[in-house]
file work-v1.txt (compact mmCIF, C-alpha atoms)
# COMPACT_ATOMS: atom_id res chain seq x y z
CA MET A 251 -0.78 -11.99 19.96
CA ALA A 252 0.96 -13.88 22.76
CA HIS A 253 -2.05 -16.19 23.04
CA GLU A 254 -2.02 -16.86 19.30
CA SER A 255 1.70 -17.65 19.36
CA HIS A 256 1.25 -20.07 22.24
CA ALA A 257 -1.66 -21.78 20.49
CA ALA A 258 0.39 -22.19 17.34
CA THR A 259 3.30 -23.90 19.12
CA HIS A 260 1.53 -25.91 21.82
CA ALA A 261 0.27 -29.26 20.54
CA LYS A 262 -2.76 -30.97 22.02
CA THR A 263 -2.52 -34.44 23.50
CA LEU A 264 -4.96 -37.32 23.48
CA PRO A 265 -6.62 -38.36 26.74
CA ALA A 266 -5.68 -41.66 28.34
CA ASP A 267 -9.13 -43.18 27.68
CA LEU A 268 -9.83 -43.43 23.95
CA GLY A 269 -13.05 -45.42 24.31
CA ALA A 270 -16.50 -44.21 23.30
CA PRO A 271 -18.07 -41.73 25.76
CA ALA A 272 -20.61 -42.99 28.26
CA PHE A 273 -23.44 -41.17 26.51
CA VAL A 274 -23.22 -43.69 23.63
CA ASP A 275 -25.06 -46.08 25.96
CA GLY A 276 -27.82 -43.49 26.11
CA TRP A 277 -27.99 -43.48 22.31
CA THR A 278 -28.44 -47.26 22.39
CA LYS A 279 -31.27 -47.13 24.91
CA ARG A 280 -33.09 -44.34 23.07
CA ALA A 281 -32.73 -46.13 19.73
CA LEU A 282 -34.14 -49.37 21.18
CA THR A 283 -37.06 -47.45 22.72
CA VAL A 284 -37.87 -45.69 19.43
CA GLY A 285 -37.55 -48.99 17.56
CA ALA A 286 -39.97 -50.74 19.91
CA ILE A 287 -42.53 -47.92 19.74
CA PHE A 288 -42.51 -47.71 15.95
CA SER A 289 -42.65 -51.50 15.63
CA VAL A 290 -45.95 -51.43 17.50
CA VAL A 291 -47.14 -48.51 15.36
CA ALA A 292 -46.20 -50.43 12.19
CA VAL A 293 -48.28 -53.45 13.22
CA ILE A 294 -51.26 -51.24 14.10
CA LEU A 295 -51.01 -49.46 10.72
CA ALA A 296 -50.82 -52.82 8.95
CA LEU A 297 -54.02 -53.97 10.67
CA LEU A 298 -55.78 -50.69 9.80
CA GLY A 299 -54.58 -50.91 6.21
CA GLN A 300 -55.75 -54.50 5.94
CA SER A 301 -59.24 -53.46 6.95
CA GLN A 302 -59.20 -50.50 4.55
CA ASP A 303 -57.81 -51.90 1.28
CA GLN A 304 -56.51 -55.40 2.08
CA LEU A 305 -52.94 -54.24 1.45
CA GLY A 306 -51.83 -53.44 5.00
CA TRP A 307 -49.26 -56.22 5.29
CA ASP A 308 -48.18 -55.69 1.67
CA HIS A 309 -47.33 -52.07 2.45
CA LEU A 310 -45.43 -53.18 5.55
CA LEU A 311 -43.25 -55.44 3.38
CA ARG A 312 -42.67 -52.71 0.79
CA ALA A 313 -41.62 -50.35 3.58
CA TRP A 314 -39.39 -53.12 4.89
CA VAL A 315 -37.45 -53.01 1.62
CA LEU A 316 -36.98 -49.26 2.13
CA GLY A 317 -35.58 -49.88 5.62
CA LEU A 318 -33.38 -52.65 4.26
CA MET A 319 -31.90 -50.39 1.58
CA LEU A 320 -31.20 -47.59 4.09
CA THR A 321 -29.41 -49.83 6.58
CA PHE A 322 -27.73 -51.84 3.80
CA GLY A 323 -26.43 -48.55 2.39
CA TRP A 324 -24.84 -47.63 5.71
CA SER A 325 -23.40 -51.07 6.40
CA VAL A 326 -21.97 -52.01 3.00
CA GLY A 327 -21.54 -48.38 1.95
CA GLY A 328 -19.57 -47.84 5.17
CA LEU A 329 -17.37 -50.79 4.24
CA ALA A 330 -16.81 -49.28 0.78
CA LEU A 331 -15.91 -45.83 2.15
CA LEU A 332 -13.54 -47.51 4.60
CA MET A 333 -11.74 -49.15 1.67
CA VAL A 334 -11.67 -45.82 -0.19
CA GLN A 335 -10.07 -44.23 2.85
CA TYR A 336 -7.38 -46.88 3.01
CA CYS A 337 -6.58 -46.31 -0.67
CA THR A 338 -6.57 -42.51 -0.55
CA GLY A 339 -5.31 -41.78 2.96
CA GLY A 340 -5.97 -38.38 4.53
CA LYS A 341 -6.71 -37.01 7.97
CA TRP A 342 -10.44 -37.65 7.61
CA GLY A 343 -9.68 -41.33 8.16
CA LEU A 344 -8.90 -40.62 11.82
CA LEU A 345 -12.39 -39.24 12.28
CA PHE A 346 -14.34 -41.72 10.19
CA ARG A 347 -12.36 -44.98 10.49
CA ARG A 348 -13.88 -46.28 13.73
CA PRO A 349 -17.46 -45.27 12.84
CA LEU A 350 -17.02 -46.86 9.40
CA GLU A 351 -15.68 -50.06 10.93
CA ALA A 352 -18.63 -50.17 13.32
CA MET A 353 -21.02 -49.60 10.40
CA SER A 354 -19.46 -52.48 8.48
CA ARG A 355 -19.77 -54.79 11.49
CA SER A 356 -23.54 -54.18 11.52
CA LEU A 357 -23.78 -56.51 8.49
CA PRO A 358 -25.32 -59.42 10.49
CA LEU A 359 -28.40 -57.33 11.29
CA VAL A 360 -28.76 -56.28 7.64
CA PHE A 361 -28.58 -59.97 6.71
CA VAL A 362 -31.49 -60.69 9.06
CA TYR A 363 -33.45 -57.85 7.44
CA TRP A 364 -32.73 -59.37 4.03
CA LEU A 365 -33.96 -62.82 5.12
CA VAL A 366 -37.41 -61.30 5.67
CA VAL A 367 -37.41 -60.18 2.02
CA VAL A 368 -36.43 -63.69 0.92
CA ILE A 369 -39.29 -65.23 2.89
CA ALA A 370 -41.81 -62.68 1.57
CA MET A 371 -40.54 -62.42 -2.01
CA LYS A 372 -43.86 -63.53 -3.55
CA LYS A 373 -45.50 -60.45 -2.06
CA LEU A 374 -42.82 -58.15 -3.46
CA TYR A 375 -41.70 -59.48 -6.84
CA LEU A 376 -43.84 -60.36 -9.86
CA TRP A 377 -41.30 -62.90 -11.09
CA ALA A 378 -41.55 -64.80 -7.79
CA GLN A 379 -45.29 -65.27 -8.33
CA TYR A 380 -45.04 -66.67 -11.86
CA THR A 381 -42.14 -69.09 -12.10
CA SER A 382 -42.97 -70.90 -15.35
CA VAL A 383 -44.26 -70.27 -18.87
CA SER A 384 -47.60 -71.79 -17.97
CA ASP A 385 -47.88 -69.47 -14.95
CA THR A 386 -47.35 -66.33 -17.04
CA ALA A 387 -49.74 -67.57 -19.75
CA ALA A 388 -52.47 -68.17 -17.18
CA ALA A 389 -51.80 -64.77 -15.55
CA LEU A 390 -52.07 -63.05 -18.93
CA GLN A 391 -55.35 -64.76 -19.67
CA ALA A 392 -56.68 -63.74 -16.27
CA GLY A 393 -55.65 -60.11 -16.84
CA LEU A 394 -53.15 -60.10 -13.97
CA ILE A 395 -50.24 -59.13 -16.22
CA ASN A 396 -49.91 -57.63 -19.71
CA GLU A 397 -48.08 -58.95 -22.74
CA VAL A 398 -44.94 -56.89 -22.10
CA GLN A 399 -44.73 -58.24 -18.55
CA GLN A 400 -45.26 -61.79 -19.80
CA HIS A 401 -42.45 -61.45 -22.33
CA CYS A 402 -40.04 -59.97 -19.79
CA LEU A 403 -40.85 -62.57 -17.14
CA ASP A 404 -40.27 -65.43 -19.57
CA PHE A 405 -37.13 -63.91 -21.09
CA LYS A 406 -35.50 -62.97 -17.77
CA ARG A 407 -36.47 -66.13 -15.88
CA PRO A 408 -32.91 -67.59 -15.86
CA MET A 409 -31.92 -64.55 -13.81
CA LEU A 410 -35.15 -63.59 -12.06
CA ASN A 411 -36.23 -66.65 -10.12
CA PRO A 412 -36.36 -67.45 -6.38
CA VAL A 413 -33.36 -69.81 -6.39
CA THR A 414 -31.01 -67.39 -8.18
CA PHE A 415 -32.27 -64.47 -6.08
CA THR A 416 -31.44 -66.35 -2.87
CA TRP A 417 -28.04 -67.70 -3.93
CA VAL A 418 -26.85 -64.38 -5.39
CA GLY A 419 -27.81 -62.68 -2.13
CA LEU A 420 -26.02 -65.29 -0.03
CA LEU A 421 -22.91 -65.00 -2.20
CA CYS A 422 -22.90 -61.20 -1.91
CA PHE A 423 -23.27 -61.33 1.88
CA ALA A 424 -20.46 -63.90 2.09
CA ILE A 425 -18.14 -61.65 0.09
CA TRP A 426 -19.02 -58.57 2.14
CA ALA A 427 -18.58 -60.53 5.36
CA PHE A 428 -15.09 -61.60 4.26
CA TYR A 429 -14.01 -58.01 3.65
CA VAL A 430 -15.59 -56.87 6.93
CA TRP A 431 -13.70 -59.57 8.82
CA ARG A 432 -10.41 -59.00 7.00
CA LEU A 433 -10.31 -55.22 7.29
CA ASN A 434 -11.47 -55.14 10.89
CA SER A 435 -9.02 -57.84 11.98
CA LEU A 436 -6.12 -56.09 10.23
CA ALA A 437 -7.10 -52.84 11.94
CA LEU A 438 -6.77 -54.57 15.32
CA GLN A 439 -3.40 -56.06 14.34
CA ARG A 440 -2.19 -52.64 13.24
CA GLU A 441 -3.31 -51.16 16.55
CA ALA A 442 -1.39 -53.84 18.44
CA ASP A 443 1.80 -53.30 16.44
CA LYS A 444 4.06 -51.55 18.95
CA ALA A 445 6.93 -51.42 16.46
CA GLY A 446 5.06 -48.79 14.50
CA ASN A 447 5.62 -50.34 11.09
CA THR A 448 3.16 -47.92 9.49
CA PRO A 449 4.29 -48.24 5.82
CA TYR A 450 3.77 -52.01 5.98
CA TRP A 451 0.19 -51.67 7.24
CA ILE A 452 -0.68 -48.91 4.79
CA LYS A 453 0.51 -51.04 1.86
CA LYS A 454 -1.24 -54.17 3.14
CA LEU A 455 -4.57 -52.39 3.61
CA GLU A 456 -4.24 -50.69 0.22
CA ASN A 457 -3.63 -54.02 -1.51
CA ILE A 458 -6.81 -55.46 0.00
CA SER A 459 -8.97 -52.36 -0.39
CA GLY A 460 -8.14 -51.59 -4.04
CA PRO A 461 -9.58 -54.82 -5.49
CA GLY A 462 -12.20 -54.74 -2.74
CA ILE A 463 -13.70 -51.52 -4.12
CA VAL A 464 -14.14 -53.21 -7.51
CA VAL A 465 -15.68 -56.30 -5.89
CA TYR A 466 -17.99 -54.09 -3.83
CA SER A 467 -19.15 -52.23 -6.94
CA LEU A 468 -20.06 -55.47 -8.71
CA THR A 469 -21.75 -57.17 -5.75
CA MET A 470 -23.63 -54.04 -4.68
CA THR A 471 -24.91 -53.59 -8.24
CA ALA A 472 -26.14 -57.19 -8.30
CA ALA A 473 -27.87 -56.68 -4.96
CA VAL A 474 -29.76 -53.51 -5.90
CA ILE A 475 -30.81 -55.00 -9.25
CA TYR A 476 -32.34 -57.99 -7.50
CA TRP A 477 -33.73 -56.22 -4.45
CA VAL A 478 -35.18 -53.06 -6.02
CA MET A 479 -34.95 -52.84 -9.80
CA SER A 480 -36.45 -56.31 -10.35
CA MET A 481 -39.67 -55.14 -8.68
CA ASP A 482 -40.48 -53.94 -12.20
CA PRO A 483 -39.20 -56.73 -14.48
CA THR A 484 -39.97 -54.72 -17.62
CA TRP A 485 -37.43 -51.97 -16.91
CA TYR A 486 -33.67 -51.70 -16.77
CA SER A 487 -30.99 -49.04 -16.49
CA SER A 488 -27.27 -49.35 -17.17
CA VAL A 489 -26.41 -46.83 -14.42
CA TYR A 490 -28.75 -48.19 -11.75
CA GLY A 491 -25.94 -49.67 -9.66
CA LEU A 492 -23.86 -46.51 -9.98
CA LEU A 493 -26.81 -44.44 -8.79
CA PHE A 494 -27.04 -46.54 -5.64
CA LEU A 495 -23.26 -46.45 -5.19
CA VAL A 496 -23.26 -42.65 -5.19
CA GLY A 497 -26.41 -42.64 -3.05
CA GLN A 498 -24.63 -44.77 -0.47
CA GLY A 499 -21.75 -42.30 -0.35
CA TYR A 500 -24.33 -39.52 0.06
CA SER A 501 -25.99 -41.15 3.08
CA VAL A 502 -22.85 -42.70 4.63
CA LEU A 503 -21.06 -39.34 4.73
CA ALA A 504 -24.13 -37.69 6.23
CA PHE A 505 -24.37 -40.36 8.93
CA CYS A 506 -20.63 -40.24 9.70
CA ILE A 507 -20.69 -36.46 10.09
CA ILE A 508 -23.61 -36.71 12.53
CA VAL A 509 -21.77 -39.37 14.55
CA SER A 510 -18.43 -37.53 14.54
CA ILE A 511 -19.88 -34.20 15.59
CA SER A 512 -22.03 -35.86 18.26
CA LEU A 513 -18.98 -37.68 19.63
CA SER A 514 -17.04 -34.38 19.73
CA LYS A 515 -19.04 -33.36 22.80
CA ALA A 516 -16.56 -35.46 24.78
CA GLU A 517 -13.04 -36.86 24.44
CA PRO A 518 -11.31 -38.11 22.39
CA PHE A 519 -13.22 -36.59 19.44
CA LYS A 520 -13.36 -33.25 21.24
CA THR A 521 -9.61 -33.04 20.68
CA ILE A 522 -9.28 -34.42 17.15
CA LEU A 523 -12.34 -32.89 15.45
CA ARG A 524 -10.98 -29.53 14.35
CA GLN A 525 -12.97 -27.01 12.34
CA THR A 526 -10.66 -27.57 9.36
CA GLU A 527 -11.51 -31.27 9.10
CA GLN A 528 -15.20 -30.56 9.71
CA HIS A 529 -15.18 -28.11 6.81
CA ASP A 530 -13.44 -30.68 4.60
CA MET A 531 -16.06 -33.31 5.46
CA GLY A 532 -18.77 -30.88 4.45
CA LYS A 533 -17.05 -30.25 1.11
CA LEU A 534 -16.74 -33.99 0.44
CA THR A 535 -20.45 -34.42 1.17
CA PHE A 536 -21.24 -31.53 -1.17
CA ALA A 537 -19.38 -33.37 -3.95
CA PHE A 538 -21.61 -36.42 -3.50
CA VAL A 539 -24.71 -34.21 -3.55
CA MET A 540 -23.61 -32.88 -6.94
CA LEU A 541 -22.72 -36.30 -8.35
CA ASN A 542 -25.98 -37.75 -7.10
CA ILE A 543 -28.19 -35.29 -8.98
CA TYR A 544 -25.95 -35.45 -12.06
CA LEU A 545 -26.42 -39.21 -12.45
CA ALA A 546 -30.15 -39.13 -11.65
CA PHE A 547 -30.80 -36.35 -14.17
CA ALA A 548 -28.58 -37.99 -16.81
CA GLN A 549 -30.59 -41.21 -16.56
CA PHE A 550 -33.87 -39.30 -16.78
CA LEU A 551 -32.73 -37.17 -19.73
CA ILE A 552 -31.53 -40.13 -21.80
CA ILE A 553 -34.64 -42.25 -21.20
CA TRP A 554 -37.08 -39.36 -21.62
CA SER A 555 -35.41 -38.20 -24.83
CA GLY A 556 -35.34 -41.74 -26.25
CA ASN A 557 -39.06 -42.12 -25.51
CA LEU A 558 -38.89 -45.89 -26.05
CA PRO A 559 -42.03 -47.84 -25.14
CA GLU A 560 -40.08 -50.37 -23.05
CA GLU A 561 -38.33 -47.67 -20.98
CA ILE A 562 -40.55 -44.62 -20.62
CA PRO A 563 -43.42 -46.29 -18.64
CA TRP A 564 -41.14 -46.57 -15.60
CA TYR A 565 -40.99 -42.76 -15.38
CA LEU A 566 -44.64 -42.33 -16.30
CA ASP A 567 -45.57 -44.54 -13.35
CA ARG A 568 -43.63 -42.08 -11.14
CA ILE A 569 -44.88 -38.82 -12.66
CA ARG A 570 -48.55 -39.27 -13.52
CA GLY A 571 -51.41 -39.72 -11.09
CA HIS A 572 -50.11 -37.04 -8.71
CA TRP A 573 -46.68 -38.71 -8.45
CA GLY A 574 -45.38 -35.54 -10.09
CA ILE A 575 -45.77 -33.89 -6.68
CA ILE A 576 -43.52 -36.52 -5.12
CA ILE A 577 -40.79 -36.28 -7.76
CA THR A 578 -40.82 -32.47 -7.46
CA LEU A 579 -40.45 -32.71 -3.69
CA ASP A 580 -37.78 -35.37 -4.19
CA PHE A 581 -35.75 -32.96 -6.32
CA ILE A 582 -36.15 -30.22 -3.71
CA PHE A 583 -35.43 -32.47 -0.72
CA HIS A 584 -32.73 -34.66 -2.21
CA TRP A 585 -30.70 -32.07 -4.06
CA LEU A 586 -31.82 -28.44 -3.96
CA ILE A 587 -31.86 -28.02 -0.17
CA PRO A 588 -28.56 -29.88 0.57
CA PHE A 589 -26.90 -28.17 -2.38
CA SER A 590 -28.00 -24.72 -1.23
CA MET A 591 -27.05 -25.33 2.38
CA LEU A 592 -23.64 -26.88 1.70
CA LEU A 593 -22.67 -23.98 -0.55
CA SER A 594 -22.31 -21.97 2.64
CA ARG A 595 -18.88 -21.98 4.25
CA ASP A 596 -20.39 -20.90 7.55
CA ILE A 597 -22.82 -23.84 7.66
CA LYS A 598 -20.03 -26.34 6.97
CA ARG A 599 -18.04 -24.87 9.88
CA ASN A 600 -20.98 -24.74 12.29
CA LYS A 601 -21.48 -28.08 14.07
CA ARG A 602 -25.16 -27.74 14.88
CA ARG A 603 -26.14 -26.52 11.41
CA LEU A 604 -24.05 -29.13 9.60
CA VAL A 605 -25.71 -31.88 11.67
CA ARG A 606 -29.15 -30.52 10.70
CA VAL A 607 -28.22 -30.59 7.01
CA CYS A 608 -26.97 -34.19 7.30
CA GLN A 609 -30.11 -35.26 9.14
CA TRP A 610 -32.14 -33.72 6.33
CA MET A 611 -30.05 -35.62 3.76
CA ILE A 612 -30.87 -38.94 5.42
CA PHE A 613 -34.58 -38.06 5.40
CA ALA A 614 -34.27 -37.06 1.72
CA LYS A 615 -32.61 -40.39 0.91
CA ALA A 616 -35.52 -42.26 2.50
CA PHE A 617 -37.98 -40.08 0.58
CA ASP A 618 -36.17 -40.89 -2.67
CA LEU A 619 -36.34 -44.62 -1.92
CA PHE A 620 -40.10 -44.30 -1.38
CA TRP A 621 -40.40 -42.77 -4.86
CA LEU A 622 -38.32 -45.62 -6.29
CA ILE A 623 -40.13 -48.49 -4.54
CA GLU A 624 -43.86 -47.77 -4.18
CA PRO A 625 -44.78 -47.08 -7.86
CA ASN A 626 -43.47 -50.54 -8.84
CA PHE A 627 -46.77 -51.99 -7.66
CA LYS A 628 -49.94 -52.05 -9.71
CA ASP A 629 -52.12 -50.39 -7.07
CA ALA A 630 -49.72 -47.43 -6.76
CA ALA A 631 -48.35 -46.88 -10.29
CA ARG A 632 -49.74 -43.57 -11.63
CA ASN A 633 -52.05 -43.58 -8.62
CA LEU A 634 -50.72 -41.73 -5.59
CA HIS A 635 -53.37 -42.06 -2.91
CA PHE A 636 -53.49 -41.95 0.85
CA SER A 637 -54.05 -45.08 2.88
CA TRP A 638 -53.03 -46.29 6.30
CA GLY A 639 -50.53 -48.54 4.55
CA ILE A 640 -48.64 -45.57 3.10
CA LEU A 641 -47.78 -44.51 6.65
CA GLU A 642 -45.86 -47.79 6.93
CA TYR A 643 -43.16 -46.01 4.91
CA VAL A 644 -42.55 -43.95 8.04
CA ALA A 645 -43.11 -46.45 10.84
CA VAL A 646 -41.26 -49.47 9.44
CA PRO A 647 -38.03 -47.71 8.29
CA VAL A 648 -37.86 -45.71 11.53
CA ALA A 649 -38.12 -48.94 13.55
CA MET A 650 -35.53 -50.74 11.40
CA VAL A 651 -33.11 -47.81 11.41
CA SER A 652 -33.50 -47.43 15.19
CA PHE A 653 -32.61 -51.06 15.83
CA TRP A 654 -29.69 -50.71 13.41
CA VAL A 655 -28.44 -47.59 15.21
CA ALA A 656 -28.62 -49.44 18.55
CA PHE A 657 -26.55 -52.29 17.09
CA PHE A 658 -24.11 -49.81 15.55
CA CYS A 659 -23.59 -48.16 18.94
CA THR A 660 -22.73 -51.50 20.55
CA ARG A 661 -20.15 -52.09 17.79
CA LEU A 662 -18.75 -48.57 18.23
CA LYS A 663 -18.03 -49.17 21.91
CA THR A 664 -15.90 -52.25 21.33
CA ARG A 665 -12.80 -50.37 20.11
CA PRO A 666 -10.86 -47.17 20.87
CA LEU A 667 -12.20 -44.28 18.80
CA VAL A 668 -8.74 -43.11 17.69
CA GLN A 669 -6.01 -45.17 16.04
CA VAL A 670 -2.87 -43.99 17.81
CA ASN A 671 -0.36 -45.21 15.20
CA ASP A 672 -1.90 -43.30 12.32
CA PRO A 673 0.70 -41.11 10.52
CA HIS A 674 -1.74 -38.16 10.45
CA LEU A 675 -2.30 -38.13 14.21
CA ALA A 676 0.45 -35.60 15.00
CA GLU A 677 -0.89 -33.20 12.40
CA ILE A 678 -4.51 -33.42 13.50
CA LEU A 679 -3.49 -32.80 17.13
CA GLU A 680 -1.93 -29.46 16.23
CA PRO A 681 -4.10 -26.45 17.17
CA GLU A 682 -5.63 -24.56 14.29
CA HIS A 683 -4.05 -21.27 13.44
CA ALA A 684 -6.01 -18.19 14.36
CA GLN A 685 -7.96 -16.73 11.47
CA ALA A 686 -7.42 -13.12 10.51
call {"tool": "encode", "arguments": {"input": "work-v1.txt", "output": "structure tokens"}}
result
Amino acid sequence: MAHESHAATHAKTLPADLGAPAFVDGWTKRALTVGAIFSVVAVILALLGQSQDQLGWDHLLRAWVLGLMLTFGWSVGGLALLMVQYCTGGKWGLLFRRPLEAMSRSLPLVFVYWLVVVIAMKKLYLWAQYTSVSDTAAALQAGLINEVQQHCLDFKRPMLNPVTFTWVGLLCFAIWAFYVWRLNSLALQREADKAGNTPYWIKKLENISGPGIVVYSLTMTAAVIYWVMSMDPTWYSSVYGLLFLVGQGYSVLAFCIIVSISLSKAEPFKTILRQTEQHDMGKLTFAFVMLNIYLAFAQFLIIWSGNLPEEIPWYLDRIRGHWGIIITLDFIFHWLIPFSMLLSRDIKRNKRRLVRVCQWMIFAKAFDLFWLIEPNFKDAARNLHFSWGILEYVAVPVAMVSFWVAFFCTRLKTRPLVQVNDPHLAEILEPEHAQA
């Protein structure tokens, strides 16, 4: 009892050094090594695929889009969650703020990844191959497209064309870059404010972040429509952007939990990551798991029930020809397993187990993106088959994510991991009360 009383009245203190632990350099080196190895594997698989079905490099580019969407989700999704944190407040901001800022500052690498898609757009997008009425008419006559595709390509050409694709992407990146610069620079100014004018900084960051969340929602929706949904120009969904928005929250929270728990092996996170906040992070992630499956099932139910000829083929391409196996596994991986695991209070309070669940969630997100991307192409729609090129969906994203993680680690080391003038710092430094 004496020990419990002492623990309840004795506050912890932060160490003098608030920088990232030395082992973050080890993360960087390992990530670069994995990235280099899988880059070589990706090239070898592309060459093998080219000799097998002449689609080796095509599969590499399709897998590149998957890697782009994963890293884009962490970078811009991290920026969005940072703005949400500034608007809502809460102790979880002390744990996630620096990782989220580092994620947002990885935007330059994501931009480089996107430039590859711009250069190779004719290999990825039907509308980039046929840029005029005469092109679509000739393609129809040659049997390369059907009448529905011809109509959609001609009707949507003002939006789906290489020039608009490029300029919309550049505009989106410029807007995201502005918010990354503004929020990160204000965070440094707040850190340097020795007067401790906390209410001023909270209000200033709220005023920027509130409209920023709306701007993010619009620009992110435009990006995913162009980068993924337009791979099938005949299909559309009014909740497509919202699905990706929730999916980004799903993967960003999983990544942040992995980073926070890994950093807690040393100071300063060893002091500030209490079991209470860890449990709360698990509950927040569980909420995104629920919302994610709700939106995905709602979209499926509405389209399947409507059974309209211009909408239902998109799902048929992803169910028939053995794709039903993939969508079943997607449901199990993406929702059932995380949902079942995060129901457990013990798992949310156990560091090692919670990290394993979050690692699984990131894998499940990549698996879901494979199901979204690959059936857009004629050789794969309603035709799930093994080829060397399919393995690119492992090698290429692993390489891209590894290089992104290495860049993220370099960004993480540039700032102290704890913001010392946060109003919640005193509370989070208090020891947890003993449980009965």
call {"tool": "closest_residue", "arguments": {"input": "work-v1.txt", "among": "A:Lys520, A:His572, A:Arg355, A:Arg407", "to": "A:Val430", "atoms": "all atoms listed in the file"}}
result
A:Arg355
call {"tool": "closest_atom_pairs", "arguments": {"input": "work-v1.txt", "of": "stretch 466-559 of chain A", "to": "stretch 336-344 of chain A", "cutoff": "9 Å", "atoms": "only C-alpha atoms", "output": "JSON lines"}}
result
{"residue": "A:Ile522", "atom": "CA", "partner": "A:Leu344", "partner_atom": "CA", "distance": 8.2}
{"residue": "A:Glu527", "atom": "CA", "partner": "A:Trp342", "partner_atom": "CA", "distance": 6.6}
{"residue": "A:Gln528", "atom": "CA", "partner": "A:Trp342", "partner_atom": "CA", "distance": 8.8}
{"residue": "A:Asp530", "atom": "CA", "partner": "A:Trp342", "partner_atom": "CA", "distance": 8.2}
{"residue": "A:Met531", "atom": "CA", "partner": "A:Trp342", "partner_atom": "CA", "distance": 7.4}
call {"tool": "closest_residue", "arguments": {"input": "work-v1.txt", "among": "A:Ala442, A:Ala286, A:Met353, A:Val644", "to": "A:His309", "atoms": "all atoms listed in the file"}}
result
A:Val644
call {"tool": "closest_residue", "arguments": {"input": "work-v1.txt", "among": "A:Ile678, A:Leu376, A:Met470, A:Val489", "to": "A:Val326", "atoms": "only C-alpha atoms"}}
result
A:Met470
call {"tool": "atom_distance", "arguments": {"input": "work-v1.txt", "atom1": "atom CA of A:Lys279", "atom2": "atom CA of A:Val648"}}
result
15.0 Å
call {"tool": "atom_distance", "arguments": {"input": "work-v1.txt", "atom1": "atom CA of A:Ile508", "atom2": "atom CA of A:Met611"}}
result
10.9 Å
call {"tool": "closest_residue", "arguments": {"input": "work-v1.txt", "among": "A:Leu311, A:Ile569, A:Cys659, A:Ile543", "to": "A:Ile582", "atoms": "all atoms listed in the file"}}
result
A:Ile543
call {"tool": "closest_residue", "arguments": {"input": "work-v1.txt", "among": "A:Val474, A:Ile623, A:Ala656, A:Leu679", "to": "A:Leu374", "atoms": "all atoms listed in the file"}}
result
A:Ile623
call {"tool": "residues_around", "arguments": {"input": "work-v1.txt", "residues": "A:Val646", "least_positions_apart": "4", "cutoff": "12 Å", "atoms": "all atoms listed in the file", "output": "PDB file with C-alpha atoms, in the frame of the given file"}}
result
ATOM      1  CA  VAL A 284     -37.870 -45.690  19.430  1.00  0.00           C
ATOM      2  CA  GLY A 285     -37.550 -48.990  17.560  1.00  0.00           C
ATOM      3  CA  ALA A 286     -39.970 -50.740  19.910  1.00  0.00           C
ATOM      4  CA  ILE A 287     -42.530 -47.920  19.740  1.00  0.00           C
ATOM      5  CA  PHE A 288     -42.510 -47.710  15.950  1.00  0.00           C
ATOM      6  CA  SER A 289     -42.650 -51.500  15.630  1.00  0.00           C
ATOM      7  CA  VAL A 290     -45.950 -51.430  17.500  1.00  0.00           C
ATOM      8  CA  VAL A 291     -47.140 -48.510  15.360  1.00  0.00           C
ATOM      9  CA  ALA A 292     -46.200 -50.430  12.190  1.00  0.00           C
ATOM     10  CA  VAL A 293     -48.280 -53.450  13.220  1.00  0.00           C
ATOM     11  CA  ILE A 294     -51.260 -51.240  14.100  1.00  0.00           C
ATOM     12  CA  LEU A 295     -51.010 -49.460  10.720  1.00  0.00           C
ATOM     13  CA  ALA A 296     -50.820 -52.820   8.950  1.00  0.00           C
ATOM     14  CA  TRP A 307     -49.260 -56.220   5.290  1.00  0.00           C
ATOM     15  CA  HIS A 309     -47.330 -52.070   2.450  1.00  0.00           C
ATOM     16  CA  LEU A 310     -45.430 -53.180   5.550  1.00  0.00           C
ATOM     17  CA  LEU A 311     -43.250 -55.440   3.380  1.00  0.00           C
ATOM     18  CA  ARG A 312     -42.670 -52.710   0.790  1.00  0.00           C
ATOM     19  CA  ALA A 313     -41.620 -50.350   3.580  1.00  0.00           C
ATOM     20  CA  TRP A 314     -39.390 -53.120   4.890  1.00  0.00           C
ATOM     21  CA  VAL A 315     -37.450 -53.010   1.620  1.00  0.00           C
ATOM     22  CA  LEU A 316     -36.980 -49.260   2.130  1.00  0.00           C
ATOM     23  CA  GLY A 317     -35.580 -49.880   5.620  1.00  0.00           C
ATOM     24  CA  LEU A 318     -33.380 -52.650   4.260  1.00  0.00           C
ATOM     25  CA  LEU A 320     -31.200 -47.590   4.090  1.00  0.00           C
ATOM     26  CA  TYR A 363     -33.450 -57.850   7.440  1.00  0.00           C
ATOM     27  CA  ALA A 616     -35.520 -42.260   2.500  1.00  0.00           C
ATOM     28  CA  GLY A 639     -50.530 -48.540   4.550  1.00  0.00           C
ATOM     29  CA  ILE A 640     -48.640 -45.570   3.100  1.00  0.00           C
ATOM     30  CA  LEU A 641     -47.780 -44.510   6.650  1.00  0.00           C
ATOM     31  CA  GLU A 642     -45.860 -47.790   6.930  1.00  0.00           C
ATOM     32  CA  MET A 650     -35.530 -50.740  11.400  1.00  0.00           C
ATOM     33  CA  VAL A 651     -33.110 -47.810  11.410  1.00  0.00           C
ATOM     34  CA  SER A 652     -33.500 -47.430  15.190  1.00  0.00           C
ATOM     35  CA  PHE A 653     -32.610 -51.060  15.830  1.00  0.00           C
TER      36      PHE A 653
END
call {"tool": "atom_distance", "arguments": {"input": "work-v1.txt", "atom1": "atom CA of A:Thr660", "atom2": "atom CA of A:Leu438"}}
result
17.1 Å
call {"tool": "closest_residue", "arguments": {"input": "work-v1.txt", "among": "A:Gly393, A:Pro449, A:Gly327, A:Gly532", "to": "A:Ile463", "atoms": "all atoms listed in the file"}}
result
A:Gly327
